[in-house]
Amino acid sequence: MNKILKILLWSSGFSLLAAGLFGPIYAVFVEEIGGDLLTAGAAYSVFAISSGIIIFFIGRWEDHIKHHEKLIVLGYGLGILGFIGYLLIKTPLDLFLVQIVFGVAGAVGTPAFDGLYSRYLDKGKYCSEWALWESMYSVVTGISALIGGYIANFYGFKVLFAIMLILSVIAFTTSLLLFLKKNASE
């Protein structure tokens, strides 16, 4: 497997681990900041719609960019801001703003990630190498959901968010290895 793919898988894995820790207990946190199930649904909707609209335009623009690794790193960097935002949330409005940050982060990083990942797939292994990413996504998300519930239950959301932030910094740092791609892909 190409070294660029390995870097992309590792950085994505840490990012998925960070996000997955929070997934199934999201609504509990929303209640703690004064929201309800409608607030939780609306907050996720803000994320998904902002990401979906922005990704459409950014993806078209990214077709003309030569250095996708810069956009991947920027996406992970914006993700760090989102995880810092989780530590500062006090109200549902704060949550909506953080969700927009995550929407922008995903919109910047995802098309570049997919394009770069596709570019470095080994000939004849397109399905198996994409399956590797899809498999990692499901397994990491499943494991992180269990771990996130445990951490939040016994240590609280602030500790959970701090761990998520640390994992996002690791994802960002790992993605910086993409700048060594000339040497890594040789």
# chains A, B, ... in the order shown; residues from 1 in each chain; ligands from 1
call {"tool": "closest_atom_pairs", "arguments": {"of": "region 75-133 of chain A", "to": "region 34-53 of chain A", "cutoff": "8 Å", "atoms": "only C-alpha atoms", "output": "CSV"}}
result
residue,atom,partner,partner_atom,distance
A:Thr91,CA,A:Gly34,CA,6.6
A:Pro92,CA,A:Gly35,CA,6.0
A:Leu95,CA,A:Ala43,CA,6.8
A:Phe96,CA,A:Ala43,CA,5.3
A:Gln99,CA,A:Phe47,CA,4.8
A:Ile100,CA,A:Phe47,CA,5.4
A:Phe102,CA,A:Phe47,CA,6.6
A:Gly103,CA,A:Ser51,CA,4.0
A:Val104,CA,A:Ser51,CA,5.8
A:Gly106,CA,A:Ser51,CA,6.4
A:Ala107,CA,A:Ser51,CA,5.3
call {"tool": "residues_around", "arguments": {"residues": "region 112-125 of chain A", "least_positions_apart": "4", "cutoff": "9 Å", "atoms": "only C-alpha atoms", "output": "number ranges by chain"}}
result
A: 1-5, 8-9, 59, 62-63, 67-72, 108, 129-130, 185
call {"tool": "closest_atom_pairs", "arguments": {"of": "region 148-170 of chain A", "to": "region 15-32 of chain A", "cutoff": "8 Å", "atoms": "only C-alpha atoms", "output": "tab-separated table"}}
result
residue	atom	partner	partner_atom	distance
A:Gly148	CA	A:Leu21	CA	4.0
A:Gly149	CA	A:Ile25	CA	6.5
A:Phe157	CA	A:Phe29	CA	7.5
A:Leu160	CA	A:Leu21	CA	7.6
A:Ile163	CA	A:Ala18	CA	7.5
A:Met164	CA	A:Ala18	CA	4.4
A:Leu165	CA	A:Ala18	CA	7.2
A:Leu167	CA	A:Ala18	CA	5.4
A:Ser168	CA	A:Ser15	CA	5.4
call {"tool": "closest_residue", "arguments": {"among": "A:Ala145, A:Ile151, A:Val73, A:Ile33", "to": "Asp94 (chain A)", "atoms": "only C-alpha atoms"}}
result
A:Ile33
call {"tool": "closest_residue", "arguments": {"among": "A:Pro111, A:Lys6, A:Gly75, A:Ala152", "to": "Phe57 (chain A)", "atoms": "only C-alpha atoms"}}
result
A:Pro111
call {"tool": "atom_distance", "arguments": {"atom1": "CA of Val140 (chain A)", "atom2": "CA of Ser12 (chain A)"}}
result
10.1 Å
call {"tool": "atom_distance", "arguments": {"atom1": "CA of Val101 (chain A)", "atom2": "CA of Gly13 (chain A)"}}
result
20.0 Å
